[in-house]
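Coordinates as given in entry10.cif (mmCIF, C-alpha atoms):
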data_work
#
loop_
_atom_site.group_PDB
_atom_site.id
_atom_site.type_symbol
_atom_site.label_atom_id
_atom_site.label_comp_id
_atom_site.auth_asym_id
_atom_site.auth_seq_id
_atom_site.Cartn_x
_atom_site.Cartn_y
_atom_site.Cartn_z
ATOM 1 C CA MET A 1 0.000 0.000 0.000
ATOM 2 C CA TYR A 2 1.151 3.497 -0.823
ATOM 3 C CA LYS A 3 0.547 6.700 1.117
ATOM 4 C CA VAL A 4 -0.790 9.532 -1.018
ATOM 5 C CA SER A 5 2.617 11.259 -1.171
ATOM 6 C CA GLU A 6 4.310 8.024 -2.329
ATOM 7 C CA PHE A 7 1.526 7.356 -4.801
ATOM 8 C CA SER A 8 1.763 10.893 -6.143
ATOM 9 C CA ALA A 9 5.491 10.494 -6.753
ATOM 10 C CA LEU A 10 4.964 7.070 -8.321
ATOM 11 C CA THR A 11 2.219 8.139 -10.730
ATOM 12 C CA GLY A 12 3.165 11.732 -11.453
ATOM 13 C CA LEU A 13 -0.306 12.867 -10.388
ATOM 14 C CA SER A 14 -0.279 15.671 -7.851
ATOM 15 C CA LYS A 15 -1.769 15.157 -4.405
ATOM 16 C CA GLU A 16 -4.422 17.726 -5.347
ATOM 17 C CA THR A 17 -5.316 15.791 -8.482
ATOM 18 C CA LEU A 18 -5.563 12.579 -6.465
ATOM 19 C CA ARG A 19 -7.848 14.293 -3.955
ATOM 20 C CA TYR A 20 -9.978 15.671 -6.773
ATOM 21 C CA TYR A 21 -10.174 12.310 -8.549
ATOM 22 C CA ALA A 22 -11.297 10.732 -5.264
ATOM 23 C CA GLN A 23 -13.852 13.507 -4.738
ATOM 24 C CA VAL A 24 -15.431 13.000 -8.170
ATOM 25 C CA GLY A 25 -15.265 9.205 -7.923
ATOM 26 C CA LEU A 26 -12.596 8.574 -10.551
ATOM 27 C CA LEU A 27 -9.883 7.079 -8.369
ATOM 28 C CA GLU A 28 -10.707 6.484 -4.760
ATOM 29 C CA PRO A 29 -8.147 5.249 -2.248
ATOM 30 C CA VAL A 30 -8.447 1.573 -1.384
ATOM 31 C CA PHE A 31 -8.192 2.380 2.314
ATOM 32 C CA VAL A 32 -8.643 5.461 4.476
ATOM 33 C CA ASP A 33 -7.257 5.121 7.989
ATOM 34 C CA PRO A 34 -10.099 6.117 10.334
ATOM 35 C CA ALA A 35 -7.630 7.292 12.984
ATOM 36 C CA ASN A 36 -5.773 9.862 10.895
ATOM 37 C CA GLN A 37 -7.667 9.982 7.570
ATOM 38 C CA TYR A 38 -4.521 9.003 5.659
ATOM 39 C CA ARG A 39 -5.411 7.650 2.245
ATOM 40 C CA TYR A 40 -3.743 4.575 0.805
ATOM 41 C CA TYR A 41 -3.531 3.215 -2.728
ATOM 42 C CA ASP A 42 -2.483 -0.185 -4.063
ATOM 43 C CA ASP A 43 -1.020 -1.617 -7.260
ATOM 44 C CA GLY A 44 -4.462 -1.785 -8.882
ATOM 45 C CA SER A 45 -4.873 1.907 -8.156
ATOM 46 C CA TYR A 46 -1.522 2.471 -9.834
ATOM 47 C CA LEU A 47 -2.722 0.972 -13.104
ATOM 48 C CA LEU A 48 -5.913 3.041 -12.991
ATOM 49 C CA ALA A 49 -3.905 6.179 -12.225
ATOM 50 C CA LEU A 50 -1.682 5.559 -15.247
ATOM 51 C CA LEU A 51 -4.764 5.104 -17.434
ATOM 52 C CA LEU A 52 -6.320 8.308 -16.104
ATOM 53 C CA ALA A 53 -3.101 10.254 -16.675
ATOM 54 C CA LYS A 54 -2.959 8.972 -20.248
ATOM 55 C CA LEU A 55 -6.616 9.820 -20.901
ATOM 56 C CA ARG A 56 -6.143 13.303 -19.435
ATOM 57 C CA GLY A 57 -3.101 13.723 -21.653
ATOM 58 C CA PHE A 58 -5.308 12.884 -24.633
ATOM 59 C CA GLY A 59 -7.544 15.777 -23.602
ATOM 60 C CA LEU A 60 -10.477 13.807 -22.232
ATOM 61 C CA THR A 61 -12.723 15.691 -19.869
ATOM 62 C CA ILE A 62 -13.473 14.484 -16.356
ATOM 63 C CA HIS A 63 -16.925 13.441 -17.570
ATOM 64 C CA GLU A 64 -15.416 11.432 -20.435
ATOM 65 C CA MET A 65 -12.923 9.788 -18.085
ATOM 66 C CA LYS A 66 -15.747 8.845 -15.717
ATOM 67 C CA THR A 67 -17.599 7.277 -18.640
ATOM 68 C CA VAL A 68 -14.516 5.196 -19.457
ATOM 69 C CA MET A 69 -13.987 4.172 -15.836
ATOM 70 C CA ASN A 70 -17.638 3.214 -15.369
ATOM 71 C CA ASP A 71 -17.451 0.942 -18.431
ATOM 72 C CA LYS A 72 -15.460 -1.855 -16.806
ATOM 73 C CA SER A 73 -15.089 -3.657 -20.144
ATOM 74 C CA PHE A 74 -13.650 -0.548 -21.833
ATOM 75 C CA ASP A 75 -15.743 -1.461 -24.894
ATOM 76 C CA ASN A 76 -16.400 2.166 -25.746
ATOM 77 C CA LEU A 77 -12.863 3.411 -25.123
ATOM 78 C CA GLU A 78 -11.766 2.991 -28.737
ATOM 79 C CA LYS A 79 -14.864 4.829 -30.022
ATOM 80 C CA LEU A 80 -14.266 7.656 -27.573
ATOM 81 C CA LEU A 81 -10.589 7.921 -28.506
ATOM 82 C CA LEU A 82 -11.351 7.884 -32.236
ATOM 83 C CA LYS A 83 -13.915 10.644 -31.707
ATOM 84 C CA LYS A 84 -11.346 12.636 -29.698
ATOM 85 C CA LYS A 85 -8.772 12.088 -32.452
ATOM 86 C CA LYS A 86 -11.197 13.371 -35.090
ATOM 87 C CA ASN A 87 -11.943 16.456 -32.997
ATOM 88 C CA ILE A 88 -8.228 17.136 -32.551
ATOM 89 C CA GLU A 89 -7.638 16.754 -36.293
ATOM 90 C CA SER A 90 -10.453 19.256 -36.935
ATOM 91 C CA GLU A 91 -8.905 21.689 -34.450
ATOM 92 C CA ILE A 92 -5.540 21.309 -36.183
ATOM 93 C CA GLU A 93 -7.122 22.158 -39.540
ATOM 94 C CA GLU A 94 -8.839 25.205 -38.028
ATOM 95 C CA LEU A 95 -5.545 26.372 -36.548
ATOM 96 C CA ARG A 96 -3.734 25.835 -39.866
ATOM 97 C CA SER A 97 -6.394 27.923 -41.550
ATOM 98 C CA LYS A 98 -5.930 30.697 -38.989
ATOM 99 C CA VAL A 99 -2.160 30.603 -39.497
ATOM 100 C CA ALA A 100 -2.663 30.910 -43.254
ATOM 101 C CA ASP A 101 -5.055 33.841 -42.694
ATOM 102 C CA ILE A 102 -2.496 35.560 -40.456
ATOM 103 C CA ASP A 103 0.265 35.038 -43.014
ATOM 104 C CA GLU A 104 -1.967 36.420 -45.749
ATOM 105 C CA PHE A 105 -2.881 39.434 -43.619
ATOM 106 C CA ILE A 106 0.769 40.152 -42.841
ATOM 107 C CA GLU A 107 1.731 39.836 -46.516
ATOM 108 C CA SER A 108 -1.077 42.168 -47.597
ATOM 109 C CA GLY A 109 0.225 44.751 -45.130
ATOM 110 C CA LYS A 110 3.717 44.459 -46.529
ATOM 111 C CA GLU A 111 2.447 44.926 -50.083
ATOM 112 C CA ARG A 112 0.717 48.183 -49.104
ATOM 113 C CA ASP A 113 3.937 49.516 -47.586
ATOM 114 C CA LYS A 114 5.807 49.093 -50.896
#
Please, can you express the file's structure as structure tokens?
Amino acid sequence: MYKVSEFSALTGLSKETLRYYAQVGLLEPVFVDPANQYRYYDDGSYLLALLLAKLRGFGLTIHEMKTVMNDKSFDNLEKLLLKKKKNIESEIEELRSKVADIDEFIESGKERDK
């Protein structure tokens, strides 16, 4: 069993993030000592924490991560990730378009100065 500080160092998730994940029901400690309220995590928690960190890194919202965690079979994970990928690709195209618009605007300003 790992104390929250050890678990935080092990997973790379901050103590605040771990508290928040417990509060919203994403990753609850496996044991809370009734005497001092220390929270403890185990190896199973470690695997879930790594999954949550990866999902967060992919840009999933807390709601989306809860959906994944509530689906114990992870059947819908691929669909969710493919949808996220498509959204990211759309955002990239929008940003590329904005960059092209900025370049065009800058060039038009330079042409007027000539």
Quiz prompt | Explicit residues for the PyMOL selection byres ((chain A and resi 38) around 12) (as a VMD selection string) | solution = chain A and resid 1 to 6 19 29 to 37 39 to 41
Can I get the selection written as a tab-separated table (two decimals), keeping the file's coordinate frame, with C-alpha atoms?
chain	number	residue	atom	x	y	z
A	1	MET	CA	0.00	0.00	0.00
A	2	TYR	CA	1.15	3.50	-0.82
A	3	LYS	CA	0.55	6.70	1.12
A	4	VAL	CA	-0.79	9.53	-1.02
A	5	SER	CA	2.62	11.26	-1.17
A	6	GLU	CA	4.31	8.02	-2.33
A	19	ARG	CA	-7.85	14.29	-3.96
A	29	PRO	CA	-8.15	5.25	-2.25
A	30	VAL	CA	-8.45	1.57	-1.38
A	31	PHE	CA	-8.19	2.38	2.31
A	32	VAL	CA	-8.64	5.46	4.48
A	33	ASP	CA	-7.26	5.12	7.99
A	34	PRO	CA	-10.10	6.12	10.33
A	35	ALA	CA	-7.63	7.29	12.98
A	36	ASN	CA	-5.77	9.86	10.90
A	37	GLN	CA	-7.67	9.98	7.57
A	39	ARG	CA	-5.41	7.65	2.24
A	40	TYR	CA	-3.74	4.58	0.80
A	41	TYR	CA	-3.53	3.22	-2.73
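Coordinates place atom CA of Thr61 of chain A at a distance of 20.0 Å from atom CA of Tyr46 of chain A.
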Practice problem: Could you state which residues are captured by the PyMOL selection byres ((chain A and resi 63-80) around 10) in this file, as number ranges by chain? | Solution: A: 21, 24-27, 48, 51-53, 55-56, 59-62, 81-86
Quiz item: Just how far from atom CA of Gly57 of chain A is atom CA of Glu91 of chain A, in Å to one decimal?
Solution: 16.2 Å
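Atom pair atom CA of Leu95 of chain A / atom CA of Gly109 of chain A: separated by 21.1 Å.
You can rank A:Ile92, A:Gly44, A:Ala49, A:Leu10 by their closest distance to Ala22 of chain A using only C-alpha atoms, and at the top of that list sits A:Ala49.
Nearest to Asp43 of chain A of all the residues A:Thr11, A:Ser108, A:Thr17, A:Gln23 is A:Thr11, based on only C-alpha atoms.
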Find the axis-aligned box for segment 96-104 of chain A, covering all its listed atoms and adding 4 Å on each side, and write its centre and edge lengths in Å to one decimal as AutoDock Vina command-line options.
--center_x -3.1 --center_y 31.1 --center_z -42.4 --size_x 14.7 --size_y 18.6 --size_z 14.8
